[in-house]
>>> print(open('input_26.csv').read())   # CSV, C-alpha atoms and all ligand atoms
chain,number,residue,atom,x,y,z
A,22,MET,CA,74.5,94.1,100.6
A,23,ALA,CA,76.1,97.5,99.8
A,24,ARG,CA,79.7,96.9,98.6
A,25,ALA,CA,82.2,99.7,98.9
A,26,HIS,CA,84.4,100.7,96.0
A,27,ASN,CA,87.6,98.9,97.0
A,28,PHE,CA,91.0,100.3,95.9
A,29,PHE,CA,93.1,98.6,98.6
A,30,ALA,CA,96.5,97.3,97.5
A,31,GLY,CA,96.2,94.0,99.3
A,32,PRO,CA,94.4,92.1,100.6
A,33,ALA,CA,92.2,93.5,97.9
A,34,VAL,CA,88.9,93.2,96.1
A,35,LEU,CA,87.6,89.8,95.0
A,36,PRO,CA,84.7,89.0,92.6
A,37,LEU,CA,81.4,89.1,94.4
A,38,SER,CA,80.5,85.7,92.9
A,39,VAL,CA,83.6,84.2,94.5
A,40,LEU,CA,82.7,85.7,97.9
A,41,GLU,CA,79.2,84.2,97.6
A,42,GLU,CA,80.6,80.7,96.7
A,43,THR,CA,83.0,80.9,99.6
A,44,ARG,CA,80.2,82.0,102.0
A,45,ASP,CA,78.2,78.9,100.9
A,46,ALA,CA,81.2,76.6,101.3
A,47,ILE,CA,82.0,78.0,104.7
A,48,MET,CA,78.6,76.5,105.8
A,49,ASP,CA,78.5,73.4,103.5
A,50,PHE,CA,81.3,72.4,101.3
A,51,ALA,CA,80.0,70.7,98.1
A,52,GLY,CA,77.0,69.1,99.9
A,53,ASN,CA,79.3,67.2,102.3
A,54,GLY,CA,77.6,68.6,105.4
A,55,VAL,CA,80.9,70.1,106.6
A,56,SER,CA,82.5,73.5,106.2
A,57,ILE,CA,85.5,73.9,103.8
A,58,MET,CA,87.3,74.8,107.1
A,59,GLU,CA,86.3,71.4,108.6
A,60,ILE,CA,87.2,68.9,105.9
A,61,SER,CA,90.4,66.9,105.8
A,62,HIS,CA,92.9,68.0,103.2
A,63,ARG,CA,93.3,64.3,102.4
A,64,ASP,CA,89.6,63.9,101.5
A,65,LYS,CA,88.9,63.3,97.8
A,66,ALA,CA,86.6,66.4,97.7
A,67,PHE,CA,89.5,68.6,98.7
A,68,ASP,CA,91.9,66.8,96.4
A,69,LYS,CA,89.6,67.9,93.6
A,70,VAL,CA,89.9,71.5,94.7
A,71,VAL,CA,93.7,71.4,94.4
A,72,ALA,CA,93.8,69.4,91.2
A,73,GLU,CA,91.3,71.7,89.5
A,74,ALA,CA,93.2,74.9,90.7
A,75,GLN,CA,96.4,73.5,89.3
A,76,ALA,CA,94.9,72.5,86.0
A,77,ASP,CA,93.0,75.8,85.7
A,78,THR,CA,96.2,77.8,86.4
A,79,LEU,CA,98.1,76.1,83.7
A,80,ALA,CA,95.2,76.3,81.2
A,81,ILE,CA,94.9,80.1,81.8
A,82,MET,CA,98.6,80.6,81.3
A,83,GLY,CA,98.8,78.3,78.3
A,84,LEU,CA,101.4,76.0,80.0
A,85,SER,CA,101.6,72.2,79.9
A,86,ALA,CA,101.4,70.0,82.9
A,87,ASP,CA,104.3,67.9,81.4
A,88,GLU,CA,106.6,70.9,81.7
A,89,TYR,CA,105.3,72.9,84.7
A,90,SER,CA,104.0,72.2,88.2
A,91,VAL,CA,101.8,74.4,90.3
A,92,ILE,CA,102.0,74.4,94.0
A,93,PHE,CA,100.3,76.4,96.8
A,94,LEU,CA,102.4,77.4,99.7
A,95,GLY,CA,102.0,79.3,103.0
A,96,GLY,CA,104.3,82.1,103.9
A,97,GLY,CA,103.2,84.6,101.3
A,98,ALA,CA,105.4,86.0,98.5
A,99,SER,CA,108.0,86.9,101.2
A,100,LEU,CA,108.8,83.3,101.9
A,101,GLN,CA,109.5,83.0,98.2
A,102,PHE,CA,112.1,85.7,98.5
A,103,ALA,CA,114.0,83.2,100.6
A,104,MET,CA,113.0,79.9,98.9
A,105,VAL,CA,114.2,81.0,95.5
A,106,PRO,CA,117.8,81.6,96.5
A,107,LEU,CA,117.8,78.7,99.0
A,108,ASN,CA,116.9,76.4,96.2
A,109,PHE,CA,118.6,77.9,93.1
A,110,LEU,CA,121.4,80.3,94.1
A,111,HIS,CA,124.6,78.2,93.8
A,112,LYS,CA,127.0,80.9,92.9
A,113,LYS,CA,125.6,84.2,91.6
A,114,ALA,CA,122.1,85.5,90.7
A,115,ASP,CA,121.0,88.6,88.7
A,116,TYR,CA,118.4,90.8,90.3
A,117,VAL,CA,116.7,93.8,88.8
A,118,ASN,CA,115.8,96.3,91.6
A,119,THR,CA,112.6,98.1,90.7
A,120,GLY,CA,111.1,98.7,94.1
A,121,ALA,CA,110.6,97.9,97.8
A,122,TRP,CA,109.6,94.2,97.1
A,123,ALA,CA,112.5,93.7,94.7
A,124,SER,CA,114.8,95.1,97.4
A,125,LYS,CA,113.5,92.6,99.9
A,126,ALA,CA,114.1,89.8,97.5
A,127,ILE,CA,117.6,91.0,97.0
A,128,LYS,CA,118.2,91.2,100.7
A,129,GLU,CA,117.3,87.5,101.1
A,130,ALA,CA,119.4,86.4,98.1
A,131,LYS,CA,122.4,88.1,99.6
A,132,LEU,CA,122.2,85.9,102.6
A,133,ILE,CA,122.7,82.9,100.4
A,134,GLY,CA,125.2,83.9,97.7
A,135,GLU,CA,126.4,86.5,95.3
A,136,VAL,CA,123.9,89.0,93.9
A,137,ALA,CA,124.5,91.1,90.8
A,138,GLU,CA,122.1,94.0,91.0
A,139,VAL,CA,122.2,94.3,87.2
A,140,ALA,CA,119.9,97.3,87.1
A,141,SER,CA,118.2,99.6,89.6
A,142,SER,CA,115.9,102.6,89.6
A,143,LYS,CA,116.5,103.3,93.2
A,144,ALA,CA,118.3,106.6,92.5
A,145,THR,CA,115.0,108.1,91.2
A,146,ASN,CA,112.9,106.5,93.9
A,147,PHE,CA,111.7,103.8,91.5
A,148,ASN,CA,109.7,106.1,89.4
A,149,GLN,CA,110.6,104.2,86.2
A,150,LEU,CA,111.8,100.8,85.0
A,151,PRO,CA,115.5,100.5,84.1
A,152,LYS,CA,116.1,100.3,80.4
A,153,ASN,CA,118.7,98.4,78.3
A,154,ILE,CA,119.6,96.1,81.1
A,155,LYS,CA,122.9,94.1,80.7
A,156,TYR,CA,122.5,90.7,82.4
A,157,SER,CA,125.5,88.8,83.6
A,158,GLY,CA,125.0,86.0,81.2
A,159,ASP,CA,126.4,83.4,83.6
A,160,ALA,CA,124.1,83.8,86.5
A,161,ASP,CA,122.1,80.9,88.1
A,162,TYR,CA,119.0,82.9,87.4
A,163,VAL,CA,117.6,86.4,86.7
A,164,HIS,CA,114.9,87.7,89.1
A,165,ILE,CA,112.5,90.4,88.2
A,166,THR,CA,109.3,91.9,89.8
A,167,THR,CA,106.7,92.3,87.0
A,168,ASN,CA,104.6,94.8,88.8
A,169,ASN,CA,105.8,97.2,91.5
A,170,THR,CA,102.8,97.5,93.8
A,171,ILE,CA,104.1,100.5,95.8
A,172,PHE,CA,105.6,102.6,93.0
A,173,GLY,CA,103.2,101.8,90.2
A,174,THR,CA,105.5,100.6,87.4
A,175,GLN,CA,104.9,97.4,85.4
A,176,TRP,CA,106.9,95.4,82.9
A,177,LYS,CA,104.6,95.2,79.9
A,178,SER,CA,106.8,92.7,78.1
A,179,ASP,CA,108.9,89.8,79.3
A,180,PRO,CA,112.6,90.3,79.1
A,181,ASP,CA,115.0,88.2,77.0
A,182,VAL,CA,117.7,86.9,79.2
A,183,GLY,CA,119.2,84.3,76.9
A,184,ASN,CA,119.7,80.8,78.3
A,185,VAL,CA,119.7,82.0,81.9
A,186,PRO,CA,116.5,80.9,83.9
A,187,LEU,CA,114.1,83.7,84.4
A,188,ILE,CA,112.2,84.0,87.7
A,189,ALA,CA,109.5,86.5,88.5
A,190,ASP,CA,107.6,87.8,91.5
A,191,MET,CA,104.2,88.4,89.9
A,192,SER,CA,102.3,89.0,93.1
A,193,SER,CA,100.5,92.1,92.1
A,194,ASP,CA,99.8,91.5,88.4
A,195,MET,CA,99.4,87.7,88.4
A,196,LEU,CA,96.9,86.6,85.7
A,197,SER,CA,96.0,90.2,84.9
A,198,MET,CA,97.4,90.2,81.3
A,199,LYS,CA,98.8,87.9,78.7
A,200,ARG,CA,102.5,87.2,79.1
A,201,ASP,CA,105.0,84.9,77.4
A,202,PHE,CA,104.9,82.6,80.5
A,203,LYS,CA,107.0,80.0,78.7
A,204,LYS,CA,110.0,82.3,79.1
A,205,TYR,CA,109.9,81.8,82.9
A,206,ASN,CA,111.3,78.9,84.9
A,207,LEU,CA,109.6,80.0,88.1
A,208,ILE,CA,106.8,82.4,88.8
A,209,TYR,CA,105.4,83.2,92.2
A,210,ALA,CA,102.7,85.4,93.6
A,211,GLY,CA,101.1,86.0,96.9
A,212,ALA,CA,97.4,85.5,96.3
A,213,GLN,CA,96.0,88.5,98.1
A,214,LYS,CA,96.4,91.0,95.3
A,215,ASN,CA,94.7,89.4,92.3
A,216,LEU,CA,93.7,85.9,93.2
A,217,GLY,CA,92.3,85.3,96.6
A,218,PRO,CA,92.8,86.0,100.3
A,219,ALA,CA,96.1,86.2,102.2
A,220,GLY,CA,97.7,83.0,103.4
A,221,VAL,CA,98.7,81.3,100.2
A,222,ALA,CA,101.3,81.9,97.5
A,223,ILE,CA,101.0,80.2,94.1
A,224,VAL,CA,104.2,78.9,92.5
A,225,ILE,CA,104.6,77.7,88.9
A,226,ILE,CA,107.9,75.9,88.4
A,227,LYS,CA,109.6,74.2,85.4
A,228,LYS,CA,110.0,70.6,86.5
A,229,ALA,CA,113.0,69.5,84.6
A,230,TRP,CA,115.0,72.5,85.7
A,231,MET,CA,114.0,72.0,89.3
A,232,GLU,CA,115.1,68.3,89.1
A,233,ALA,CA,118.4,69.3,87.7
A,234,LYS,CA,119.2,72.4,89.7
A,235,ALA,CA,117.4,72.6,93.0
A,236,LYS,CA,119.5,72.0,96.1
A,237,GLN,CA,118.6,69.1,98.2
A,238,SER,CA,120.7,70.0,101.2
A,239,ILE,CA,118.2,72.5,102.6
A,240,SER,CA,115.4,71.9,105.0
A,241,THR,CA,112.8,69.5,103.5
A,242,ILE,CA,109.9,71.9,103.8
A,243,LEU,CA,111.8,74.7,102.0
A,244,GLN,CA,112.6,72.5,98.9
A,245,TYR,CA,110.3,73.1,96.0
A,246,LYS,CA,110.7,69.4,95.1
A,247,THR,CA,109.1,68.3,98.4
A,248,HIS,CA,105.9,70.2,97.5
A,249,VAL,CA,105.9,69.2,93.8
A,250,ASP,CA,106.5,65.5,94.6
A,251,ALA,CA,103.7,65.6,97.2
A,252,GLY,CA,101.2,67.3,94.8
A,253,SER,CA,101.2,70.4,96.9
A,254,MET,CA,100.1,68.3,99.9
A,255,TYR,CA,103.3,67.7,101.8
A,256,ASN,CA,101.7,69.3,104.8
A,257,THR,CA,98.3,70.8,105.4
A,258,PRO,CA,97.9,73.6,102.9
A,259,PRO,CA,96.0,76.8,103.6
A,260,CYS,CA,92.8,75.0,102.5
A,261,VAL,CA,90.3,77.9,102.6
A,262,SER,CA,92.7,80.3,100.8
A,263,VAL,CA,93.4,77.6,98.1
A,264,PHE,CA,89.6,77.1,97.7
A,265,VAL,CA,89.1,80.8,97.1
A,266,VAL,CA,91.9,81.0,94.6
A,267,GLY,CA,90.3,78.0,92.8
A,268,LYS,CA,87.1,79.9,92.5
A,269,THR,CA,88.8,83.1,91.3
A,270,LEU,CA,90.6,81.0,88.6
A,271,LYS,CA,87.2,79.7,87.4
A,272,TRP,CA,85.9,83.3,87.4
A,273,ILE,CA,88.9,84.3,85.1
A,274,ILE,CA,88.1,81.5,82.7
A,275,LYS,CA,84.4,82.5,82.7
A,276,GLU,CA,85.3,86.1,82.0
A,277,GLY,CA,87.1,85.0,78.9
A,278,GLY,CA,90.6,84.3,80.1
A,279,LEU,CA,93.6,86.6,80.1
A,280,GLU,CA,92.8,88.3,76.8
A,281,ALA,CA,89.4,89.6,78.1
A,282,VAL,CA,90.7,90.4,81.5
A,283,GLN,CA,93.7,92.3,80.1
A,284,ALA,CA,91.4,94.3,77.7
A,285,ARG,CA,89.2,95.4,80.7
A,286,ASN,CA,92.3,96.2,82.8
A,287,GLN,CA,93.7,98.4,80.0
A,288,LYS,CA,90.4,100.2,79.7
A,289,LYS,CA,90.1,100.8,83.5
A,290,ALA,CA,93.7,102.1,83.8
A,291,LYS,CA,93.3,104.4,80.8
A,292,ILE,CA,90.3,106.1,82.4
A,293,ILE,CA,92.5,107.2,85.3
A,294,TYR,CA,95.7,107.9,83.3
A,295,ASP,CA,93.8,110.1,80.9
A,296,ILE,CA,92.9,112.3,83.8
A,297,PHE,CA,96.6,112.6,84.8
A,298,ASP,CA,97.3,113.6,81.2
A,299,ALA,CA,94.5,116.2,81.1
A,300,TYR,CA,95.5,117.9,84.4
A,301,PRO,CA,99.3,117.1,84.8
A,302,GLU,CA,99.8,120.0,87.2
A,303,PHE,CA,97.2,118.8,89.5
A,304,TYR,CA,97.2,115.0,89.2
A,305,LYS,CA,101.0,114.4,89.2
A,306,GLY,CA,101.4,110.7,88.2
A,307,SER,CA,104.5,109.3,90.0
A,308,VAL,CA,105.7,107.2,87.1
A,309,VAL,CA,107.8,109.3,84.6
A,310,ASN,CA,107.5,107.1,81.5
A,311,LYS,CA,104.0,106.3,80.1
A,312,GLU,CA,105.1,102.9,78.9
A,313,ASP,CA,106.0,101.9,82.5
A,314,ARG,CA,102.6,102.8,84.0
A,315,SER,CA,101.1,99.9,85.9
A,316,LEU,CA,97.6,98.6,84.9
A,317,MET,CA,97.2,97.4,88.5
A,318,ASN,CA,98.4,100.1,90.9
A,319,VAL,CA,98.0,103.7,89.8
A,320,THR,CA,100.0,106.2,91.9
A,321,TRP,CA,100.0,109.9,92.1
A,322,ASN,CA,100.4,113.1,94.2
A,323,LEU,CA,98.3,116.2,94.5
A,324,PRO,CA,99.9,119.7,94.8
A,325,THR,CA,99.8,119.6,98.6
A,326,PRO,CA,99.5,117.0,101.3
A,327,GLU,CA,96.4,118.9,102.6
A,328,LEU,CA,94.7,118.4,99.2
A,329,GLU,CA,95.6,114.7,99.3
A,330,GLU,CA,94.0,114.3,102.7
A,331,LYS,CA,90.9,116.2,101.5
A,332,PHE,CA,90.7,114.0,98.4
A,333,ILE,CA,90.8,110.8,100.4
A,334,ALA,CA,88.2,112.0,103.0
A,335,GLU,CA,85.8,113.1,100.3
A,336,ALA,CA,86.3,109.8,98.4
A,337,LYS,CA,85.7,107.9,101.6
A,338,ALA,CA,82.4,109.7,102.0
A,339,LYS,CA,81.5,108.3,98.6
A,340,LYS,CA,82.4,104.8,99.7
A,341,MET,CA,85.7,104.7,97.9
A,342,LEU,CA,88.3,103.0,100.2
A,343,GLY,CA,92.0,102.3,100.1
A,344,LEU,CA,93.2,105.3,98.1
A,345,LYS,CA,96.0,106.3,100.4
A,346,GLY,CA,99.5,105.7,99.0
A,347,HIS,CA,101.8,103.2,100.7
A,348,ARG,CA,103.1,104.5,104.0
A,349,SER,CA,106.7,104.5,102.7
A,350,VAL,CA,105.9,106.9,99.8
A,351,GLY,CA,102.7,108.8,100.7
A,352,GLY,CA,100.6,110.3,98.0
A,353,MET,CA,97.7,108.3,96.6
A,354,ARG,CA,97.3,105.0,95.0
A,355,ALA,CA,94.3,103.3,93.4
A,356,SER,CA,94.7,99.5,93.1
A,357,ILE,CA,92.5,98.4,90.3
A,358,TYR,CA,93.1,94.7,90.2
A,359,ASN,CA,91.1,92.2,88.0
A,360,ALA,CA,88.1,92.1,90.3
A,361,CYS,CA,87.8,95.9,90.6
A,362,PRO,CA,84.6,96.7,88.7
A,363,MET,CA,84.5,99.2,85.9
A,364,GLU,CA,81.9,101.2,87.9
A,365,SER,CA,84.3,101.7,90.7
A,366,VAL,CA,86.9,103.2,88.4
A,367,GLU,CA,84.3,105.3,86.7
A,368,LEU,CA,83.2,106.7,90.1
A,369,LEU,CA,86.8,107.4,91.0
A,370,ALA,CA,87.3,109.3,87.7
A,371,LYS,CA,84.2,111.3,88.4
A,372,HIS,CA,85.5,112.2,91.8
A,373,MET,CA,88.8,113.3,90.3
A,374,GLU,CA,87.1,115.5,87.8
A,375,GLU,CA,84.8,117.1,90.4
A,376,PHE,CA,87.7,117.5,92.9
A,377,TYR,CA,89.8,119.2,90.2
A,378,LYS,CA,87.1,121.7,89.4
A,379,ALA,CA,86.5,122.5,93.1
A,380,ASN,CA,90.2,122.7,94.1
A,381,LYS,CA,92.3,123.7,91.2
B,1,LIG,C1,102.5,92.2,98.4
B,1,LIG,C2,103.7,91.9,97.6
B,1,LIG,C3,104.7,91.0,98.2
B,1,LIG,C4,104.6,90.5,99.6
B,1,LIG,O1,103.6,89.5,99.8
B,1,LIG,P1,103.4,88.8,101.2
B,1,LIG,O2,102.4,87.7,100.8
B,1,LIG,O3,102.8,89.8,102.1
B,1,LIG,O4,104.6,88.2,101.6
B,1,LIG,C5,105.8,90.7,97.4
B,1,LIG,N1,105.9,91.1,96.2
B,1,LIG,C6,105.0,92.0,95.6
B,1,LIG,C7,105.3,92.4,94.2
B,1,LIG,C8,103.9,92.3,96.3
B,1,LIG,O5,103.0,93.2,95.8
>>> encode(input="input_26.csv", output="structure tokens", more="lines below")
Ligand SMILES: *Cc1c(COP(=O)(O)O)cnc(C)c1O
Amino acid sequence: MARAHNFFAGPAVLPLSVLEETRDAIMDFAGNGVSIMEISHRDKAFDKVVAEAQADTLAIMGLSADEYSVIFLGGGASLQFAMVPLNFLHKKADYVNTGAWASKAIKEAKLIGEVAEVASSKATNFNQLPKNIKYSGDADYVHITTNNTIFGTQWKSDPDVGNVPLIADMSSDMLSMKRDFKKYNLIYAGAQKNLGPAGVAIVIIKKAWMEAKAKQSISTILQYKTHVDAGSMYNTPPCVSVFVVGKTLKWIIKEGGLEAVQARNQKKAKIIYDIFDAYPEFYKGSVVNKEDRSLMNVTWNLPTPELEEKFIAEAKAKKMLGLKGHRSVGGMRASIYNACPMESVELLAKHMEEFYKANK
């Protein structure tokens, strides 16, 4: 089968081996004579899928099951924008506004309580990450977005926020690099960027903090505790999506874990950013500080919209898909998630070189 070179921002490229394993399980799940779509989520065989996905997640992140729980929820990352403040915003929360998704998280939190927008790069259309952030110090939590999918910035290190619980939306760089995951009380990610198909979000939560601080006056299904106590099986989970995430986690382990995945991601990103640096008048990277450049979503403009259209059309003819920037910002974007092969990035770089020579 001829695979296209997939640069879509999400849903996005998955490892071919994961697609093949899923294809097989769609017809016959683990030799049970039923599809993964047809088996009860209460069956032992499916229990195993969830339990292994939970254990693999913690193993990859270097977290202990005594301290952290892993749950799989429907509703995408967007439901987490609401669940986080519903559960944990008692009085005031700090939010760092680094893009469109962070802004949506802020909007939801404001419906529940007081939000201190402690830093924002909105004034420069999110072309950088805020520096020297002063956190409130007495907030219920601090919320950050580690990778800004639309604007192409990424936190390369994990902030120090003192004793205040740290929460992160890691949707678009989940398990793409090593992080100090122990610094976080809650991490969430929609699966469809780096881990699997749409339909499921993964949540990693510090149990003791949840027990101590989560509100129990909200709807049962919106309480993290409900899902943690039920082993992520309070209601029927998005079974197929969880299955695919489980296979992707095993793929990450087989690839050598986060260290190996990160090294490859750095190499891939460098190939494209080196071209920006070689032809800065032509490939105008949209992120102003090099240290903020995302390893996952590379964003840029060409000198004119006509050239951008031409670049995308010619790339498409070479089977490179998904290079158009987000509809809110225009320009171009290459999403080069974990499963994007080196060959796809090399082909894109070749296209960029040729296109520059023909159109400069
Ligand atoms: C895609 C994305 C979201 C939204 O995810 P849904 O699953 O569509 O709700 C939230 N945050 C970030 C950083 C994203 O990239």
>>> atom_distance(input="input_26.csv", atom1="atom CA of Asn27 of chain A", atom2="atom CA of Val224 of chain A")
26.4 Å
>>> residues_near_ligand(input="input_26.csv", ligand="ligand LIG 1 (chain B)", cutoff="6 Å", atoms="only C-alpha atoms and all ligand atoms", output="JSON, numbers by chain")
{"A": [97, 98, 99, 122, 166, 168, 169, 170, 190, 191, 192, 193, 211]}
>>> write_last_selection(input="input_26.csv", atoms="C-alpha atoms", output="compact mmCIF listing (two decimals), in the frame of the given file")
# COMPACT_ATOMS: atom_id res chain seq x y z
CA GLY A 97 103.20 84.60 101.30
CA ALA A 98 105.40 86.00 98.50
CA SER A 99 108.00 86.90 101.20
CA TRP A 122 109.60 94.20 97.10
CA THR A 166 109.30 91.90 89.80
CA ASN A 168 104.60 94.80 88.80
CA ASN A 169 105.80 97.20 91.50
CA THR A 170 102.80 97.50 93.80
CA ASP A 190 107.60 87.80 91.50
CA MET A 191 104.20 88.40 89.90
CA SER A 192 102.30 89.00 93.10
CA SER A 193 100.50 92.10 92.10
CA GLY A 211 101.10 86.00 96.90
>>> closest_atom_pairs(input="input_26.csv", of="segment 169-268 of chain A", to="segment 63-79 of chain A", cutoff="9 Å", atoms="only C-alpha atoms", output="JSON lines")
{"residue": "A:Leu196", "atom": "CA", "partner": "A:Thr78", "partner_atom": "CA", "distance": 8.9}
{"residue": "A:Ile225", "atom": "CA", "partner": "A:Leu79", "partner_atom": "CA", "distance": 8.5}
{"residue": "A:Gly252", "atom": "CA", "partner": "A:Ala72", "partner_atom": "CA", "distance": 8.5}
{"residue": "A:Ser253", "atom": "CA", "partner": "A:Val71", "partner_atom": "CA", "distance": 8.0}
{"residue": "A:Met254", "atom": "CA", "partner": "A:Arg63", "partner_atom": "CA", "distance": 8.3}
{"residue": "A:Thr257", "atom": "CA", "partner": "A:Arg63", "partner_atom": "CA", "distance": 8.7}
{"residue": "A:Cys260", "atom": "CA", "partner": "A:Phe67", "partner_atom": "CA", "distance": 8.1}
{"residue": "A:Val263", "atom": "CA", "partner": "A:Val71", "partner_atom": "CA", "distance": 7.2}
{"residue": "A:Phe264", "atom": "CA", "partner": "A:Val70", "partner_atom": "CA", "distance": 6.4}
{"residue": "A:Val266", "atom": "CA", "partner": "A:Ala74", "partner_atom": "CA", "distance": 7.4}
{"residue": "A:Gly267", "atom": "CA", "partner": "A:Ala74", "partner_atom": "CA", "distance": 4.7}
{"residue": "A:Lys268", "atom": "CA", "partner": "A:Ala74", "partner_atom": "CA", "distance": 8.1}
>>> residues_around(input="input_26.csv", residues="segment 324-328 of chain A", least_positions_apart="3", cutoff="8 Å", atoms="all atoms listed in the file", output="number ranges by chain")
A: 302-305, 331-332, 352
>>> atom_distance(input="input_26.csv", atom1="atom CA of Met373 of chain A", atom2="atom CA of Leu35 of chain A")
24.0 Å
>>> closest_residue(input="input_26.csv", among="A:Gly217, A:Pro186, A:Pro362, A:Pro180", to="Tyr162 of chain A", atoms="only C-alpha atoms")
A:Pro186
>>> closest_residue(input="input_26.csv", among="A:Phe147, A:Asp181, A:Lys228, A:Ala30", to="Ala86 of chain A", atoms="only C-alpha atoms")
A:Lys228
>>> residues_around(input="input_26.csv", residues="Leu150 of chain A", least_positions_apart="4", cutoff="12 Å", atoms="all atoms listed in the file", output="VMD selection string")
chain A and resid 117 to 120 140 to 146 154 165 to 169 172 to 178 308 to 315
>>> write_last_selection(input="input_26.csv", atoms="C-alpha atoms", output="PDB file, in the frame of the given file")
ATOM      1  CA  VAL A 117     116.700  93.800  88.800  1.00  0.00           C
ATOM      2  CA  ASN A 118     115.800  96.300  91.600  1.00  0.00           C
ATOM      3  CA  THR A 119     112.600  98.100  90.700  1.00  0.00           C
ATOM      4  CA  GLY A 120     111.100  98.700  94.100  1.00  0.00           C
ATOM      5  CA  ALA A 140     119.900  97.300  87.100  1.00  0.00           C
ATOM      6  CA  SER A 141     118.200  99.600  89.600  1.00  0.00           C
ATOM      7  CA  SER A 142     115.900 102.600  89.600  1.00  0.00           C
ATOM      8  CA  LYS A 143     116.500 103.300  93.200  1.00  0.00           C
ATOM      9  CA  ALA A 144     118.300 106.600  92.500  1.00  0.00           C
ATOM     10  CA  THR A 145     115.000 108.100  91.200  1.00  0.00           C
ATOM     11  CA  ASN A 146     112.900 106.500  93.900  1.00  0.00           C
ATOM     12  CA  ILE A 154     119.600  96.100  81.100  1.00  0.00           C
ATOM     13  CA  ILE A 165     112.500  90.400  88.200  1.00  0.00           C
ATOM     14  CA  THR A 166     109.300  91.900  89.800  1.00  0.00           C
ATOM     15  CA  THR A 167     106.700  92.300  87.000  1.00  0.00           C
ATOM     16  CA  ASN A 168     104.600  94.800  88.800  1.00  0.00           C
ATOM     17  CA  ASN A 169     105.800  97.200  91.500  1.00  0.00           C
ATOM     18  CA  PHE A 172     105.600 102.600  93.000  1.00  0.00           C
ATOM     19  CA  GLY A 173     103.200 101.800  90.200  1.00  0.00           C
ATOM     20  CA  THR A 174     105.500 100.600  87.400  1.00  0.00           C
ATOM     21  CA  GLN A 175     104.900  97.400  85.400  1.00  0.00           C
ATOM     22  CA  TRP A 176     106.900  95.400  82.900  1.00  0.00           C
ATOM     23  CA  LYS A 177     104.600  95.200  79.900  1.00  0.00           C
ATOM     24  CA  SER A 178     106.800  92.700  78.100  1.00  0.00           C
ATOM     25  CA  VAL A 308     105.700 107.200  87.100  1.00  0.00           C
ATOM     26  CA  VAL A 309     107.800 109.300  84.600  1.00  0.00           C
ATOM     27  CA  ASN A 310     107.500 107.100  81.500  1.00  0.00           C
ATOM     28  CA  LYS A 311     104.000 106.300  80.100  1.00  0.00           C
ATOM     29  CA  GLU A 312     105.100 102.900  78.900  1.00  0.00           C
ATOM     30  CA  ASP A 313     106.000 101.900  82.500  1.00  0.00           C
ATOM     31  CA  ARG A 314     102.600 102.800  84.000  1.00  0.00           C
ATOM     32  CA  SER A 315     101.100  99.900  85.900  1.00  0.00           C
TER      33      SER A 315
END
>>> closest_residue(input="input_26.csv", among="A:Ala23, A:Ala235, A:Leu369, A:Ala137", to="Lys337 of chain A", atoms="all atoms listed in the file")
A:Leu369
>>> atom_distance(input="input_26.csv", atom1="atom CA of Ile171 of chain A", atom2="atom CA of Gly346 of chain A")
7.6 Å
>>> closest_residue(input="input_26.csv", among="A:Lys378, A:Gly277, A:Pro259, A:Glu41", to="His62 of chain A", atoms="all atoms listed in the file")
A:Pro259
>>> closest_residue(input="input_26.csv", among="A:Leu279, A:Gly183, A:Leu107, A:Thr43", to="Ile57 of chain A", atoms="only C-alpha atoms")
A:Thr43
>>> closest_residue(input="input_26.csv", among="A:Leu110, A:Met82, A:Ala189, A:Ile273", to="Asp201 of chain A", atoms="only C-alpha atoms")
A:Met82
>>> residues_around(input="input_26.csv", residues="Glu138 of chain A", least_positions_apart="4", cutoff="12 Å", atoms="all atoms listed in the file", output="list in words")
Lys113, Ala114, Asp115, Tyr116, Val117, Asn118, Thr119, Ala123, Ser124, Ala126, Ile127, Lys128, Ala130, Lys131, Ser142, Lys143, Pro151, Ile154, Lys155, Tyr156, Ser157, Ala160, Val163, His164 and Ile165 of chain A
>>> residues_near_point(input="input_26.csv", point="(106.9, 83.3, 82.4)", cutoff="9 Å", atoms="only C-alpha atoms", output="PyMOL selection string")
chain A and resi 82+179+187-189+200-208+225
>>> residues_around(input="input_26.csv", residues="segment 286-301 of chain A", least_positions_apart="2", cutoff="9 Å", atoms="all atoms listed in the file", output="count of residues only")
30
